[in-house]
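Here is data-v1.txt, consisting of compact mmCIF, N, CA and C atoms:
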# COMPACT_ATOMS: atom_id res chain seq x y z
N VAL A 1 165.49 23.54 111.40
CA VAL A 1 166.14 22.83 110.30
C VAL A 1 166.54 21.44 110.76
N GLN A 2 166.17 20.45 109.95
CA GLN A 2 166.58 19.07 110.23
C GLN A 2 167.56 18.63 109.14
N LEU A 3 168.62 17.95 109.55
CA LEU A 3 169.65 17.50 108.64
C LEU A 3 169.76 15.98 108.71
N GLN A 4 169.74 15.33 107.55
CA GLN A 4 169.83 13.88 107.48
C GLN A 4 170.99 13.50 106.59
N ALA A 5 172.05 12.95 107.20
CA ALA A 5 173.23 12.55 106.44
C ALA A 5 173.11 11.10 106.00
N SER A 6 173.68 10.81 104.83
CA SER A 6 173.66 9.45 104.30
C SER A 6 174.86 9.27 103.38
N GLY A 7 175.08 8.01 102.96
CA GLY A 7 176.12 7.73 101.98
C GLY A 7 177.38 7.11 102.52
N GLY A 8 177.48 6.97 103.82
CA GLY A 8 178.68 6.36 104.38
C GLY A 8 178.75 4.87 104.06
N GLY A 9 179.89 4.28 104.38
CA GLY A 9 180.05 2.86 104.13
C GLY A 9 181.49 2.43 104.29
N LEU A 10 181.75 1.20 103.83
CA LEU A 10 183.09 0.63 103.88
C LEU A 10 183.69 0.65 102.47
N VAL A 11 184.90 1.17 102.35
CA VAL A 11 185.55 1.26 101.05
C VAL A 11 187.04 0.99 101.22
N GLN A 12 187.67 0.48 100.19
CA GLN A 12 189.10 0.24 100.24
C GLN A 12 189.86 1.54 100.01
N ALA A 13 191.07 1.59 100.50
CA ALA A 13 191.92 2.75 100.28
C ALA A 13 192.05 3.02 98.78
N GLY A 14 191.96 4.30 98.43
CA GLY A 14 191.98 4.69 97.03
C GLY A 14 190.62 4.80 96.40
N GLY A 15 189.61 4.32 97.09
CA GLY A 15 188.25 4.34 96.58
C GLY A 15 187.55 5.67 96.81
N SER A 16 186.27 5.70 96.47
CA SER A 16 185.49 6.93 96.55
C SER A 16 184.14 6.67 97.23
N LEU A 17 183.62 7.71 97.83
CA LEU A 17 182.27 7.70 98.39
C LEU A 17 181.70 9.10 98.20
N ARG A 18 180.39 9.18 98.12
CA ARG A 18 179.72 10.49 98.11
C ARG A 18 178.71 10.54 99.24
N LEU A 19 178.91 11.48 100.12
CA LEU A 19 177.98 11.70 101.22
C LEU A 19 176.94 12.74 100.80
N ALA A 20 175.75 12.59 101.33
CA ALA A 20 174.69 13.56 101.10
C ALA A 20 174.10 14.00 102.43
N CYS A 21 173.62 15.22 102.48
CA CYS A 21 172.98 15.75 103.68
C CYS A 21 171.73 16.49 103.23
N ALA A 22 170.58 15.89 103.49
CA ALA A 22 169.31 16.49 103.09
C ALA A 22 168.79 17.38 104.20
N ALA A 23 168.47 18.61 103.84
CA ALA A 23 167.97 19.57 104.82
C ALA A 23 166.47 19.77 104.63
N SER A 24 165.76 19.89 105.74
CA SER A 24 164.32 20.15 105.69
C SER A 24 163.98 21.16 106.77
N GLY A 25 162.80 21.73 106.66
CA GLY A 25 162.40 22.75 107.62
C GLY A 25 162.67 24.14 107.07
N ARG A 26 163.19 25.04 107.89
CA ARG A 26 163.41 26.44 107.50
C ARG A 26 164.71 26.58 106.71
N THR A 27 164.79 25.88 105.61
CA THR A 27 166.04 25.85 104.85
C THR A 27 166.34 27.15 104.13
N PHE A 28 165.35 28.02 103.96
CA PHE A 28 165.60 29.27 103.25
C PHE A 28 166.55 30.16 104.02
N SER A 29 166.72 29.89 105.30
CA SER A 29 167.59 30.72 106.13
C SER A 29 169.01 30.19 106.21
N THR A 30 169.32 29.13 105.45
CA THR A 30 170.66 28.56 105.51
C THR A 30 171.69 29.55 104.98
N TYR A 31 172.75 29.77 105.74
CA TYR A 31 173.79 30.71 105.36
C TYR A 31 175.10 30.00 105.01
N PHE A 32 175.43 28.98 105.77
CA PHE A 32 176.68 28.28 105.57
C PHE A 32 176.48 26.84 106.00
N MET A 33 177.09 25.91 105.28
CA MET A 33 177.02 24.51 105.69
C MET A 33 178.40 23.89 105.66
N GLY A 34 178.60 22.89 106.48
CA GLY A 34 179.90 22.26 106.54
C GLY A 34 179.82 20.78 106.83
N TRP A 35 180.92 20.11 106.58
CA TRP A 35 181.11 18.72 106.95
C TRP A 35 182.22 18.66 107.99
N PHE A 36 181.96 17.90 109.03
CA PHE A 36 182.96 17.62 110.05
C PHE A 36 183.11 16.11 110.17
N ARG A 37 184.16 15.67 110.83
CA ARG A 37 184.32 14.25 111.08
C ARG A 37 184.93 14.04 112.45
N GLN A 38 184.63 12.87 113.00
CA GLN A 38 185.16 12.53 114.31
C GLN A 38 185.59 11.08 114.32
N ALA A 39 186.87 10.87 114.51
CA ALA A 39 187.43 9.52 114.62
C ALA A 39 187.42 9.10 116.09
N PRO A 40 187.44 7.80 116.36
CA PRO A 40 187.42 7.33 117.75
C PRO A 40 188.56 7.93 118.56
N GLY A 41 188.21 8.48 119.71
CA GLY A 41 189.21 9.06 120.60
C GLY A 41 189.73 10.41 120.20
N LYS A 42 189.16 10.99 119.15
CA LYS A 42 189.62 12.29 118.68
C LYS A 42 188.49 13.30 118.71
N GLU A 43 188.87 14.56 118.64
CA GLU A 43 187.86 15.61 118.61
C GLU A 43 187.25 15.73 117.21
N ARG A 44 186.06 16.28 117.17
CA ARG A 44 185.41 16.52 115.89
C ARG A 44 186.19 17.62 115.16
N GLU A 45 186.47 17.39 113.88
CA GLU A 45 187.28 18.33 113.12
C GLU A 45 186.59 18.74 111.83
N PHE A 46 186.90 19.96 111.42
CA PHE A 46 186.37 20.51 110.18
C PHE A 46 186.95 19.77 108.98
N VAL A 47 186.09 19.50 108.00
CA VAL A 47 186.52 18.86 106.76
C VAL A 47 186.35 19.82 105.57
N ALA A 48 185.14 20.34 105.40
CA ALA A 48 184.87 21.23 104.27
C ALA A 48 183.65 22.08 104.58
N GLY A 49 183.58 23.24 103.94
CA GLY A 49 182.45 24.13 104.15
C GLY A 49 182.09 24.86 102.88
N ILE A 50 180.85 25.33 102.82
CA ILE A 50 180.38 26.03 101.63
C ILE A 50 179.41 27.13 102.05
N LYS A 51 179.60 28.30 101.46
CA LYS A 51 178.67 29.40 101.68
C LYS A 51 177.48 29.18 100.75
N TRP A 52 176.28 29.11 101.31
CA TRP A 52 175.13 28.67 100.55
C TRP A 52 174.77 29.60 99.40
N SER A 53 174.96 30.90 99.57
CA SER A 53 174.49 31.85 98.56
C SER A 53 175.35 31.87 97.30
N ASP A 54 176.66 31.68 97.44
CA ASP A 54 177.54 31.82 96.29
C ASP A 54 178.47 30.64 96.09
N SER A 55 178.29 29.60 96.89
CA SER A 55 179.06 28.35 96.74
C SER A 55 180.56 28.51 96.91
N ILE A 56 181.00 29.51 97.61
CA ILE A 56 182.43 29.60 97.94
C ILE A 56 182.74 28.46 98.89
N THR A 57 183.82 27.75 98.61
CA THR A 57 184.15 26.55 99.37
C THR A 57 185.44 26.69 100.14
N TYR A 58 185.54 25.89 101.19
CA TYR A 58 186.71 25.88 102.07
C TYR A 58 187.01 24.43 102.44
N TYR A 59 188.29 24.11 102.58
CA TYR A 59 188.69 22.74 102.88
C TYR A 59 189.78 22.69 103.94
N ALA A 60 189.77 21.60 104.68
CA ALA A 60 190.90 21.31 105.55
C ALA A 60 192.07 20.90 104.69
N ASP A 61 193.26 21.20 105.14
CA ASP A 61 194.46 20.85 104.37
C ASP A 61 194.52 19.35 104.09
N SER A 62 194.04 18.55 105.03
CA SER A 62 194.16 17.10 104.91
C SER A 62 193.30 16.51 103.80
N VAL A 63 192.31 17.25 103.32
CA VAL A 63 191.42 16.73 102.27
C VAL A 63 191.46 17.55 101.00
N GLU A 64 192.16 18.67 101.02
CA GLU A 64 192.24 19.53 99.84
C GLU A 64 192.74 18.72 98.64
N GLY A 65 192.01 18.84 97.52
CA GLY A 65 192.39 18.13 96.31
C GLY A 65 191.82 16.73 96.20
N ARG A 66 191.28 16.21 97.28
CA ARG A 66 190.68 14.86 97.26
C ARG A 66 189.17 14.91 97.46
N PHE A 67 188.72 15.83 98.28
CA PHE A 67 187.30 15.96 98.59
C PHE A 67 186.73 17.20 97.90
N THR A 68 185.45 17.11 97.54
CA THR A 68 184.76 18.25 96.95
C THR A 68 183.41 18.43 97.61
N ILE A 69 183.17 19.60 98.14
CA ILE A 69 181.87 19.91 98.74
C ILE A 69 181.04 20.67 97.71
N SER A 70 179.76 20.36 97.66
CA SER A 70 178.87 21.05 96.73
C SER A 70 177.47 21.06 97.32
N ARG A 71 176.60 21.84 96.68
CA ARG A 71 175.22 21.86 97.16
C ARG A 71 174.27 22.01 96.00
N ASP A 72 173.08 21.48 96.21
CA ASP A 72 171.98 21.61 95.26
C ASP A 72 170.88 22.36 95.99
N SER A 73 170.79 23.66 95.74
CA SER A 73 169.84 24.47 96.49
C SER A 73 168.41 24.07 96.18
N GLY A 74 168.14 23.60 94.97
CA GLY A 74 166.78 23.18 94.61
C GLY A 74 166.32 21.97 95.40
N LYS A 75 167.27 21.10 95.74
CA LYS A 75 166.95 19.91 96.52
C LYS A 75 167.28 20.10 97.99
N ASN A 76 167.82 21.27 98.35
CA ASN A 76 168.24 21.53 99.74
C ASN A 76 169.16 20.42 100.24
N THR A 77 170.11 20.06 99.42
CA THR A 77 171.00 18.95 99.74
C THR A 77 172.45 19.38 99.61
N LEU A 78 173.23 18.96 100.58
CA LEU A 78 174.67 19.19 100.61
C LEU A 78 175.37 17.87 100.29
N TYR A 79 176.47 17.95 99.54
CA TYR A 79 177.20 16.75 99.16
C TYR A 79 178.67 16.87 99.57
N LEU A 80 179.28 15.69 99.72
CA LEU A 80 180.73 15.63 99.90
C LEU A 80 181.24 14.46 99.07
N GLN A 81 181.88 14.78 97.96
CA GLN A 81 182.49 13.75 97.13
C GLN A 81 183.88 13.49 97.66
N MET A 82 184.14 12.26 98.04
CA MET A 82 185.42 11.89 98.63
C MET A 82 186.15 10.91 97.72
N ASN A 83 187.26 11.33 97.19
CA ASN A 83 188.07 10.48 96.30
C ASN A 83 189.42 10.18 96.95
N SER A 84 190.10 9.19 96.42
CA SER A 84 191.43 8.82 96.92
C SER A 84 191.42 8.67 98.44
N LEU A 85 190.44 7.95 98.92
CA LEU A 85 190.28 7.81 100.37
C LEU A 85 191.44 7.07 100.99
N LYS A 86 191.76 7.46 102.21
CA LYS A 86 192.86 6.89 102.97
C LYS A 86 192.31 6.31 104.28
N PRO A 87 193.01 5.36 104.87
CA PRO A 87 192.55 4.81 106.16
C PRO A 87 192.35 5.90 107.22
N GLU A 88 193.14 6.94 107.17
CA GLU A 88 193.01 8.01 108.15
C GLU A 88 191.77 8.88 107.94
N ASP A 89 191.04 8.64 106.86
CA ASP A 89 189.76 9.33 106.65
C ASP A 89 188.63 8.63 107.39
N THR A 90 188.91 7.48 107.98
CA THR A 90 187.89 6.74 108.72
C THR A 90 187.38 7.56 109.89
N ALA A 91 186.06 7.75 109.94
CA ALA A 91 185.45 8.57 110.98
C ALA A 91 183.95 8.57 110.79
N VAL A 92 183.25 9.12 111.76
CA VAL A 92 181.85 9.45 111.58
C VAL A 92 181.80 10.87 111.01
N TYR A 93 181.10 11.03 109.92
CA TYR A 93 181.01 12.32 109.24
C TYR A 93 179.66 12.97 109.56
N TYR A 94 179.74 14.24 109.92
CA TYR A 94 178.56 15.01 110.29
C TYR A 94 178.40 16.21 109.37
N CYS A 95 177.16 16.51 109.01
CA CYS A 95 176.91 17.76 108.32
C CYS A 95 176.33 18.75 109.33
N ALA A 96 176.56 20.02 109.06
CA ALA A 96 176.12 21.06 109.98
C ALA A 96 175.71 22.29 109.20
N ALA A 97 174.82 23.07 109.79
CA ALA A 97 174.31 24.26 109.13
C ALA A 97 174.35 25.46 110.07
N ARG A 98 174.66 26.59 109.49
CA ARG A 98 174.55 27.87 110.19
C ARG A 98 173.43 28.63 109.49
N THR A 99 172.42 29.01 110.25
CA THR A 99 171.23 29.61 109.64
C THR A 99 171.13 31.11 109.87
N PHE A 100 172.22 31.74 110.25
CA PHE A 100 172.20 33.18 110.41
C PHE A 100 173.54 33.73 109.96
N SER A 101 173.52 34.97 109.48
CA SER A 101 174.74 35.58 108.95
C SER A 101 175.33 36.62 109.89
N LEU A 102 174.56 37.09 110.83
CA LEU A 102 175.04 38.14 111.71
C LEU A 102 176.07 37.58 112.70
N GLY A 103 177.00 38.44 113.05
CA GLY A 103 178.00 38.03 114.01
C GLY A 103 179.21 37.41 113.33
N SER A 104 180.34 37.51 113.99
CA SER A 104 181.56 36.93 113.45
C SER A 104 181.59 35.44 113.78
N TYR A 105 182.24 34.69 112.94
CA TYR A 105 182.33 33.26 113.18
C TYR A 105 183.54 32.71 112.43
N ASN A 106 183.97 31.55 112.88
CA ASN A 106 185.02 30.81 112.21
C ASN A 106 184.40 29.50 111.74
N TYR A 107 184.26 29.34 110.44
CA TYR A 107 183.55 28.18 109.89
C TYR A 107 184.26 26.87 110.23
N ARG A 108 185.49 26.92 110.69
CA ARG A 108 186.21 25.71 111.06
C ARG A 108 185.89 25.25 112.48
N GLN A 109 185.13 26.04 113.19
CA GLN A 109 184.82 25.70 114.57
C GLN A 109 183.40 25.20 114.72
N ILE A 110 183.22 24.26 115.60
CA ILE A 110 181.91 23.65 115.84
C ILE A 110 180.90 24.70 116.26
N THR A 111 181.34 25.68 117.02
CA THR A 111 180.44 26.69 117.57
C THR A 111 179.84 27.61 116.52
N ALA A 112 180.34 27.55 115.28
CA ALA A 112 179.79 28.39 114.20
C ALA A 112 178.45 27.87 113.69
N TYR A 113 178.09 26.65 114.03
CA TYR A 113 176.92 25.98 113.47
C TYR A 113 175.85 25.78 114.54
N ASN A 114 174.60 25.96 114.15
CA ASN A 114 173.52 25.78 115.11
C ASN A 114 172.62 24.58 114.83
N TYR A 115 172.89 23.86 113.75
CA TYR A 115 172.15 22.61 113.48
C TYR A 115 173.13 21.54 113.02
N TRP A 116 172.87 20.30 113.46
CA TRP A 116 173.75 19.17 113.14
C TRP A 116 172.93 17.97 112.70
N GLY A 117 173.49 17.21 111.76
CA GLY A 117 172.92 15.94 111.37
C GLY A 117 173.38 14.85 112.33
N GLN A 118 172.90 13.63 112.10
CA GLN A 118 173.13 12.53 113.03
C GLN A 118 174.45 11.81 112.78
N GLY A 119 175.11 12.05 111.66
CA GLY A 119 176.38 11.40 111.38
C GLY A 119 176.23 10.14 110.54
N THR A 120 177.23 9.88 109.72
CA THR A 120 177.26 8.67 108.91
C THR A 120 178.70 8.12 108.95
N GLN A 121 178.81 6.82 109.14
CA GLN A 121 180.12 6.19 109.33
C GLN A 121 180.81 5.95 107.99
N VAL A 122 182.06 6.38 107.92
CA VAL A 122 182.92 6.09 106.76
C VAL A 122 184.11 5.29 107.26
N THR A 123 184.30 4.11 106.68
CA THR A 123 185.42 3.26 107.06
C THR A 123 186.25 2.94 105.83
N VAL A 124 187.53 3.26 105.89
CA VAL A 124 188.44 3.02 104.78
C VAL A 124 189.44 1.95 105.20
N SER A 125 189.42 0.84 104.49
CA SER A 125 190.32 -0.26 104.82
C SER A 125 191.61 -0.15 104.00
N SER A 126 192.69 -0.61 104.60
CA SER A 126 194.00 -0.52 103.93
C SER A 126 194.29 -1.76 103.10
Please go through the file and, once you have read it, give me the structure as C-alpha cells.
Amino acid sequence: VQLQASGGGLVQAGGSLRLACAASGRTFSTYFMGWFRQAPGKEREFVAGIKWSDSITYYADSVEGRFTISRDSGKNTLYLQMNSLKPEDTAVYYCAARTFSLGSYNYRQITAYNYWGQGTQVTVSS
C-alpha cells in the first residue's frame, strides 16, 4: 500500500484546510486509517482515526469538535477536514494505514500502523 498525503499549507488562525491521503496498491486490505502530526521537537501524536469498514471515528481531545476524519472508499482516499485552526496545530501531518485486523492494537499508537504517507506541512499563523 502506498499513501500520498496532500492539502497542507499556510493558513491564518481560525481558518480551515482539508487534507487528503490517496491510497494505492493492496487497498482492499485496509482495516484502519489514521492521521498523526509531528511538530518540531515533539513526538508524533495521534490526531484522528477511522475504521475503514464502518467509518467509526476517533479523535484526540485537542482536535475533537474542530477536525473531522472521513473516507471515500470508492476513491481509496482518506480526508481530514480541519476547522478553527490554531497556531498549536502547526505540524507535519501524516496519514497511516493498518492493513490487518488480527491482533490487539491501540489506534493511538504509531506501532498500530504498518504503512505511512510522506507527510504534508500545515502552518497556522497567529
(message) I need the residue nearest A:Arg26 from this list: A:Thr123, A:Tyr107, A:Asn76, A:Val1. Use all atoms listed in the file for the distance.
(response)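 Going through A:Thr123, A:Tyr107, A:Asn76, A:Val1 one by one, the smallest distance to A:Arg26 is for A:Val1.
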(request) Run DSSP on the backbone and grab whatever in chain A lands in helix (DSSP H, G or I); send it over as a list of chain:residue names. (result) A:Thr27, A:Phe28, A:Ser29, A:Pro87, A:Glu88, A:Asp89, A:Ile110, A:Thr111, A:Ala112
(request) Any chance you could list, as a PyMOL selection string, the residues in stretch 2-126 of chain A that come up strand (DSSP E) when DSSP is run on the backbone? (result) chain A and resi 2-6+9-12+17-24+32-38+45-51+57-59+67-72+77-82+91-98+115-116+120-125
(message) Could you check the closest approach to A:Val124 for each of A:Val11, A:Arg37, A:Val47, A:Ser16 and tell me which residue wins, using all atoms listed in the file?
(response)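 Of the candidates, the smallest distance to A:Val124 is held by A:Val11.
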(request) Extract, using only C-alpha atoms, all DNA, RNA and protein residues at most 10 Å from A:Gly25, discarding same-chain residues fewer than 2 positions from it, and format them as a list in words. (result) Val1, Gln2, Leu3, Ala23, Thr27, Phe28, Ser29 and Asn76 of chain A
(message) List as a PyMOL selection string the protein and nucleic acid residues near A:Val92, meaning an atom at most 5 Å away when all atoms listed in the file are counted, but skip any in the same chain fewer than 6 places from it.
(response) chain A and resi 37-39+120-122
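With only the atoms specified (all atoms listed in the file) counting, those residues at most 5 Å away from (182.1, 16.2, 109.5) are Trp35, Phe36, Arg37, Tyr93, Tyr94 and Cys95 of chain A.
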Give the centre and edge lengths of an axis-aligned box, in Å to one decimal, that holds all listed atoms of stretch 62-78 of chain A with 3 Å on each side, as AutoDock Vina command-line options.
--center_x 180.2 --center_y 19.7 --center_z 99.8 --size_x 33.8 --size_y 15.6 --size_z 16.4
(request) Take atom N of A:Tyr79 and atom C of A:Ala20 and report the distance between them in Å, one decimal. (result)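 Calculated distance between atom N of A:Tyr79 and atom C of A:Ala20 is 5.4 Å.
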(message) Please report the interatomic distance between atom N of A:Tyr113 and atom N of A:Arg98 in Å with one decimal.
(response)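 Taking atom N of A:Tyr113 as the start and atom N of A:Arg98 as the end point, the length is 5.7 Å.
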(message) Let me make sure I understand: among A:Arg18, A:Lys42, A:Arg108, A:Lys86, which one has the smallest atom-to-atom distance to A:Ile69 if we use only C-alpha atoms?
(response)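 Closest to A:Ile69 of all the choices is A:Arg18.
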(request) Around the point (172.5, 35.9, 108.3), in the coordinates given by the file, pick out the residues reaching within 10 Å, counting only C-alpha atoms, and return them as a VMD selection string. (result) chain A and resid 29 to 32 98 to 103
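Nearest to A:Phe46 of all the residues A:Cys21, A:Gly65, A:Ala60, A:Met33 is A:Ala60, based on only N, CA and C atoms.
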(request) Identify, on the basis of all atoms listed in the file, every residue whose closest approach to A:Phe67 does not exceed 6.5 Å; exclude the query and any residue fewer than 5 positions from it along the same chain; express the result as a VMD selection string. (result) chain A and resid 80 to 83
(request) Grab the atom CA of A:Gly9 to atom CA of A:Thr77 distance for me, in Å with one decimal place. (result)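 Distance reported for this atom pair: 19.0 Å.
Minimum atom-to-atom distances from A:Gly7, A:Gln118, A:Arg66, A:Thr57 to A:Leu85 were compared using all atoms listed in the file, and the lowest value belongs to A:Arg66.
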(request) Find the residue from A:Ser126, A:Trp116, A:Gly34, A:Ser73 that sits nearest to A:Gln4; use all atoms listed in the file when measuring. (result)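 Closest residue, counting all atoms listed in the file: A:Trp116.
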